[in-house]
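The next block is data_3.csv, given as CSV, C-alpha atoms.
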chain,number,residue,atom,x,y,z
A,1,MET,CA,44.6,-83.2,-58.5
A,2,LYS,CA,42.1,-85.7,-57.4
A,3,ASP,CA,39.4,-85.1,-55.0
A,4,THR,CA,40.4,-86.3,-51.6
A,5,PRO,CA,38.0,-87.0,-48.8
A,6,ASN,CA,39.4,-84.1,-46.7
A,7,ALA,CA,39.1,-81.5,-49.5
A,8,ILE,CA,36.2,-79.1,-48.9
A,9,PHE,CA,36.2,-77.7,-52.5
A,10,ARG,CA,36.0,-79.4,-55.8
A,11,VAL,CA,38.7,-79.0,-58.3
A,12,ALA,CA,36.4,-77.4,-60.9
A,13,ALA,CA,35.2,-74.8,-58.4
A,14,LEU,CA,38.8,-73.9,-57.4
A,15,ARG,CA,39.7,-73.5,-61.1
A,16,HIS,CA,36.7,-71.3,-61.7
A,17,TYR,CA,37.6,-69.2,-58.7
A,18,ARG,CA,41.2,-68.8,-59.8
A,19,GLN,CA,40.1,-67.7,-63.3
A,20,ALA,CA,37.7,-65.2,-62.0
A,21,ARG,CA,40.4,-63.6,-59.8
A,22,GLU,CA,42.8,-63.4,-62.8
A,23,GLN,CA,40.3,-61.5,-65.0
A,24,ALA,CA,40.5,-57.7,-65.1
A,25,VAL,CA,37.3,-56.2,-63.9
A,26,LEU,CA,36.6,-52.6,-64.5
A,27,PRO,CA,34.9,-50.8,-61.7
A,28,ARG,CA,31.4,-49.6,-62.3
A,29,PHE,CA,31.3,-45.8,-61.6
A,30,VAL,CA,28.1,-44.9,-63.2
A,31,ALA,CA,24.8,-46.8,-63.4
A,32,PRO,CA,23.5,-47.4,-67.0
A,33,ARG,CA,20.6,-44.9,-66.6
A,34,VAL,CA,22.9,-42.1,-65.5
A,35,PHE,CA,25.3,-42.8,-68.4
A,36,LEU,CA,22.4,-42.6,-70.9
A,37,PHE,CA,21.2,-39.3,-69.2
A,38,LEU,CA,24.7,-37.8,-69.6
A,39,TRP,CA,24.8,-38.7,-73.3
A,40,ILE,CA,21.4,-37.1,-73.8
A,41,LEU,CA,22.6,-34.0,-71.9
A,42,LEU,CA,25.7,-33.8,-74.0
A,43,GLY,CA,23.6,-34.0,-77.2
A,44,LEU,CA,21.2,-31.3,-76.0
A,45,LEU,CA,24.2,-29.0,-75.1
A,46,LEU,CA,25.6,-29.5,-78.6
A,47,LEU,CA,22.2,-28.8,-80.3
A,48,SER,CA,21.7,-25.7,-78.2
A,49,GLY,CA,25.2,-24.5,-79.1
A,50,LEU,CA,24.5,-25.0,-82.8
A,51,ALA,CA,21.2,-23.2,-82.5
A,52,ALA,CA,22.9,-20.3,-80.7
A,53,TRP,CA,25.5,-20.1,-83.5
A,54,PHE,CA,22.9,-20.0,-86.4
A,55,VAL,CA,19.9,-18.2,-84.8
A,56,GLN,CA,19.9,-14.5,-85.6
A,57,VAL,CA,18.4,-11.9,-83.2
A,58,PRO,CA,17.4,-8.4,-84.4
A,59,VAL,CA,19.5,-5.4,-83.3
A,60,TYR,CA,17.5,-2.2,-82.6
A,61,ALA,CA,18.3,1.5,-82.7
A,62,SER,CA,16.4,2.7,-79.6
A,63,GLY,CA,15.4,6.2,-78.6
A,64,GLN,CA,12.5,8.6,-77.9
A,65,ALA,CA,9.8,9.7,-80.2
A,66,VAL,CA,7.5,12.8,-80.0
A,67,VAL,CA,4.3,13.5,-81.8
A,68,LEU,CA,4.4,16.9,-83.4
A,69,ASP,CA,2.1,19.0,-85.6
A,70,GLY,CA,3.5,18.6,-89.2
A,71,SER,CA,2.4,22.0,-90.5
A,72,ASP,CA,5.9,23.4,-90.2
A,73,LEU,CA,7.6,20.5,-91.9
A,74,ALA,CA,8.4,19.9,-95.5
A,75,GLU,CA,6.8,17.4,-97.8
A,76,PRO,CA,5.7,14.5,-97.6
A,77,LEU,CA,4.4,15.2,-94.1
A,78,THR,CA,2.9,18.7,-94.4
A,79,GLY,CA,-0.3,19.4,-92.5
A,80,GLU,CA,-0.6,16.2,-90.4
A,81,ALA,CA,0.5,14.8,-87.1
A,82,VAL,CA,4.1,13.5,-87.4
A,83,ILE,CA,6.2,11.2,-85.2
A,84,VAL,CA,9.8,12.5,-84.8
A,85,ALA,CA,12.1,9.9,-83.4
A,86,PHE,CA,15.5,10.7,-82.0
A,87,LEU,CA,17.9,7.8,-82.3
A,88,PRO,CA,21.6,7.2,-81.4
A,89,PRO,CA,23.9,8.9,-83.9
A,90,GLU,CA,26.0,5.7,-84.3
A,91,ASP,CA,23.0,4.0,-86.0
A,92,PHE,CA,22.6,6.9,-88.5
A,93,PRO,CA,24.3,4.9,-91.4
A,94,ARG,CA,21.9,2.0,-91.0
A,95,LEU,CA,18.6,4.1,-91.1
A,96,ARG,CA,16.6,3.9,-94.3
A,97,THR,CA,13.2,5.1,-95.5
A,98,GLY,CA,10.7,2.3,-95.4
A,99,GLN,CA,12.1,0.6,-92.3
A,100,PRO,CA,9.5,0.0,-89.6
A,101,LEU,CA,9.5,2.5,-86.7
A,102,LEU,CA,8.2,0.6,-83.7
A,103,LEU,CA,6.5,2.7,-81.0
A,104,ARG,CA,5.8,1.6,-77.5
A,105,GLU,CA,3.4,3.5,-75.3
A,106,GLY,CA,4.6,3.8,-71.7
A,107,ARG,CA,1.4,2.9,-69.9
A,108,THR,CA,0.0,0.0,-71.9
A,109,GLY,CA,3.2,-1.3,-73.5
A,110,GLU,CA,1.3,-1.6,-76.8
A,111,ARG,CA,3.6,-1.7,-79.8
A,112,VAL,CA,2.6,0.0,-83.0
A,113,SER,CA,4.6,0.0,-86.3
A,114,ARG,CA,4.8,2.8,-88.8
A,115,PRO,CA,7.1,3.0,-91.9
A,116,ILE,CA,9.8,5.7,-91.8
A,117,LEU,CA,9.1,8.3,-94.5
A,118,VAL,CA,12.1,10.6,-93.9
A,119,VAL,CA,15.6,10.1,-92.6
A,120,GLU,CA,17.0,13.6,-91.8
A,121,PRO,CA,20.4,13.9,-93.6
A,122,ARG,CA,22.4,15.1,-90.6
A,123,ILE,CA,22.9,14.5,-86.9
A,124,TYR,CA,21.2,17.1,-84.7
A,125,SER,CA,22.5,18.5,-81.5
A,126,PRO,CA,19.9,18.8,-78.7
A,127,GLY,CA,19.6,22.6,-79.2
A,128,ALA,CA,19.4,22.3,-83.0
A,129,ALA,CA,16.7,19.6,-82.7
A,130,GLN,CA,14.6,21.7,-80.3
A,131,ARG,CA,14.8,24.8,-82.6
A,132,HIS,CA,14.3,22.9,-85.9
A,133,PHE,CA,11.3,20.8,-84.8
A,134,ALA,CA,9.9,23.5,-82.3
A,135,LEU,CA,9.6,20.9,-79.6
A,136,PRO,CA,7.2,21.6,-76.8
A,137,ALA,CA,8.7,22.1,-73.3
A,138,GLY,CA,7.9,18.6,-72.0
A,139,ALA,CA,9.1,16.9,-75.2
A,140,ALA,CA,12.3,19.0,-75.4
A,141,GLN,CA,13.7,17.0,-72.4
A,142,THR,CA,13.6,13.8,-74.4
A,143,VAL,CA,16.5,15.1,-76.6
A,144,SER,CA,19.6,15.3,-74.3
A,145,GLN,CA,22.3,14.1,-76.6
A,146,PRO,CA,23.1,14.3,-80.3
A,147,ALA,CA,20.7,12.3,-82.3
A,148,ALA,CA,19.8,10.9,-85.8
A,149,VAL,CA,16.3,11.9,-86.6
A,150,VAL,CA,13.6,10.0,-88.5
A,151,LEU,CA,10.0,11.0,-89.3
A,152,ALA,CA,6.9,8.9,-89.8
A,153,ARG,CA,3.2,9.6,-90.2
A,154,PHE,CA,1.2,9.4,-86.9
A,155,GLU,CA,-2.1,7.6,-86.8
A,156,PRO,CA,-4.0,7.7,-83.5
A,157,ALA,CA,-4.8,4.5,-81.7
A,158,SER,CA,-8.3,5.6,-80.9
A,159,PRO,CA,-10.4,6.8,-83.8
A,160,ALA,CA,-12.5,8.8,-81.3
A,161,LEU,CA,-9.7,11.3,-80.8
A,162,PRO,CA,-8.2,13.5,-83.5
A,163,ALA,CA,-4.4,13.2,-84.2
A,164,ALA,CA,-3.9,16.8,-82.9
A,165,ALA,CA,-4.9,15.6,-79.4
A,166,TYR,CA,-1.7,13.5,-79.3
A,167,VAL,CA,0.7,16.4,-80.1
A,168,GLY,CA,3.4,16.4,-77.5
A,169,SER,CA,3.0,12.8,-76.6
A,170,THR,CA,6.2,10.8,-76.2
A,171,TYR,CA,6.9,7.2,-77.0
A,172,ARG,CA,9.8,4.7,-76.9
A,173,ALA,CA,11.0,4.2,-80.4
A,174,ASP,CA,12.8,1.2,-81.9
A,175,VAL,CA,14.1,0.7,-85.5
A,176,PRO,CA,15.5,-2.7,-86.5
A,177,VAL,CA,18.9,-1.9,-88.0
A,178,GLY,CA,20.4,-5.4,-88.4
A,179,SER,CA,20.9,-8.7,-86.7
A,180,ARG,CA,23.5,-10.7,-84.8
A,181,ARG,CA,24.1,-14.2,-83.7
A,182,LEU,CA,22.4,-15.3,-80.5
A,183,LEU,CA,25.7,-16.6,-79.3
A,184,SER,CA,27.2,-13.1,-79.4
A,185,LEU,CA,24.9,-12.1,-76.5
A,186,LEU,CA,27.0,-14.3,-74.1
A,187,PRO,CA,29.4,-12.1,-72.0
A,188,VAL,CA,32.5,-14.2,-72.8
A,189,VAL,CA,31.8,-15.1,-76.4
A,190,GLY,CA,30.2,-11.8,-77.5
A,191,PRO,CA,33.3,-9.6,-77.6
A,192,LEU,CA,35.2,-12.3,-79.6
A,193,LEU,CA,32.4,-12.5,-82.3
A,194,ASP,CA,32.1,-8.7,-82.5
A,195,LYS,CA,35.7,-8.3,-83.7
What is this file in structure tokens?
Amino acid sequence: MKDTPNAIFRVAALRHYRQAREQAVLPRFVAPRVFLFLWILLGLLLLSGLAAWFVQVPVYASGQAVVLDGSDLAEPLTGEAVIVAFLPPEDFPRLRTGQPLLLREGRTGERVSRPILVVEPRIYSPGAAQRHFALPAGAAQTVSQPAAVVLARFEPASPALPAAAYVGSTYRADVPVGSRRLLSLLPVVGPLLDK
């Protein structure tokens, strides 16, 4: 095809146009920056999933604790102020002497740790716990269900007050009894991992 005087386009331009129309061109749905952002987001999701699988969180047995006069108790706590913690009975098999008993005061939220010295060998009913430990009237209300009982030595937070001034005080008690995967805290995945 030779250029003729009436032809508007050159032959090379027409050939280039025809070749460009014959090539398959993929549409551009995503800009390069968004595509990079999506890959980074996918990487972060995978890393957080791995972290949730391998990271362990502690499991606590939680209940109420009461400060009592230890003069009526057996060794090794005779004659001093004692913390008696009432914990859920299902955690009884996982309670051991030497485990930390974490106490949290209601007003300040301050957390204090004491080692468990005695794990009572049986589960107490509310009535049996009130009789055995001679709970004061206000503290007796903290035991409303069967409970596993642990004892620890009480040390006052303020050295200005004697330990006897704290008798009858109640605290929230937590004892770490194990750990579980962070992933098991998710509502859908948790029941599958607990099986």
With all atoms listed in the file as the counted atoms, please give the residues lying no more than 10 Å from Ala81 in chain A, apart from itself and same-chain residues fewer than 2 positions off, as a compact mmCIF listing (two decimals) with C-alpha atoms, in the frame of the given file.
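Dumped to around_35.txt:
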# COMPACT_ATOMS: atom_id res chain seq x y z
CA VAL A 67 4.30 13.50 -81.80
CA LEU A 68 4.40 16.90 -83.40
CA ASP A 69 2.10 19.00 -85.60
CA GLY A 70 3.50 18.60 -89.20
CA SER A 71 2.40 22.00 -90.50
CA LEU A 77 4.40 15.20 -94.10
CA THR A 78 2.90 18.70 -94.40
CA GLY A 79 -0.30 19.40 -92.50
CA ILE A 83 6.20 11.20 -85.20
CA VAL A 84 9.80 12.50 -84.80
CA ALA A 152 6.90 8.90 -89.80
CA ARG A 153 3.20 9.60 -90.20
CA PHE A 154 1.20 9.40 -86.90
CA GLU A 155 -2.10 7.60 -86.80
CA PRO A 156 -4.00 7.70 -83.50
CA PRO A 162 -8.20 13.50 -83.50
CA ALA A 163 -4.40 13.20 -84.20
CA ALA A 164 -3.90 16.80 -82.90
CA ALA A 165 -4.90 15.60 -79.40
CA TYR A 166 -1.70 13.50 -79.30
CA VAL A 167 0.70 16.40 -80.10
Grab the CA of Phe92 in chain A to CA of Arg111 in chain A distance for me, in Å with one decimal place.
-> 22.6 Å
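Going from CA of Ser125 in chain A to CA of Tyr60 in chain A covers 21.3 Å.
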Which is closest to Val119 in chain A among A:Arg33, A:Arg180, A:Arg104, A:Arg96, if we use only C-alpha atoms?
-> A:Arg96
So how far away is CA of Ala139 in chain A from CA of Thr170 in chain A, in Å?
-> 6.8 Å
Tell me which protein, DNA and RNA residues are within 7 Å of Ser62 in chain A, counting all atoms listed in the file, leaving out same-chain ones fewer than 6 positions away, and put them as a PDB file with C-alpha atoms, keeping the file's coordinate frame.
ATOM      1  CA  LEU A  87      17.900   7.800 -82.300  1.00  0.00           C
ATOM      2  CA  ALA A 173      11.000   4.200 -80.400  1.00  0.00           C
ATOM      3  CA  ASP A 174      12.800   1.200 -81.900  1.00  0.00           C
ATOM      4  CA  VAL A 175      14.100   0.700 -85.500  1.00  0.00           C
TER       5      VAL A 175
END
Find, counting all atoms listed in the file, the residue in A:Pro93, A:Pro126, A:Gly49, A:Gly98 that gets nearest to Gln141 in chain A.
-> A:Pro126
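Neighbouring residues of Glu120 in chain A at 8 Å or closer, counting all atoms listed in the file and skipping chain neighbours under 5 positions away, are A:Ala148, A:Val149, A:Val150, A:Leu151.
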For Gly178 in chain A, the nearest of the candidates A:Leu44, A:Val59, A:Val11, A:Val66, counting only C-alpha atoms = A:Val59
Between A:Pro146, A:Gly127, A:Gly43, A:Pro115, which is the closest to Pro100 in chain A once you count only C-alpha atoms?
-> A:Pro115
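Taking only C-alpha atoms into account, Glu110 in chain A lies nearest to A:Arg172 out of the set A:Arg172, A:Arg122, A:Arg131, A:Arg94.
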Centre and edges of the range 105-121 of chain A box, axis-aligned, 3 Å extra per side, as JSON:
{"center_x": 10.2, "center_y": 6.1, "center_z": -82.2, "size_x": 26.4, "size_y": 21.6, "size_z": 30.6}
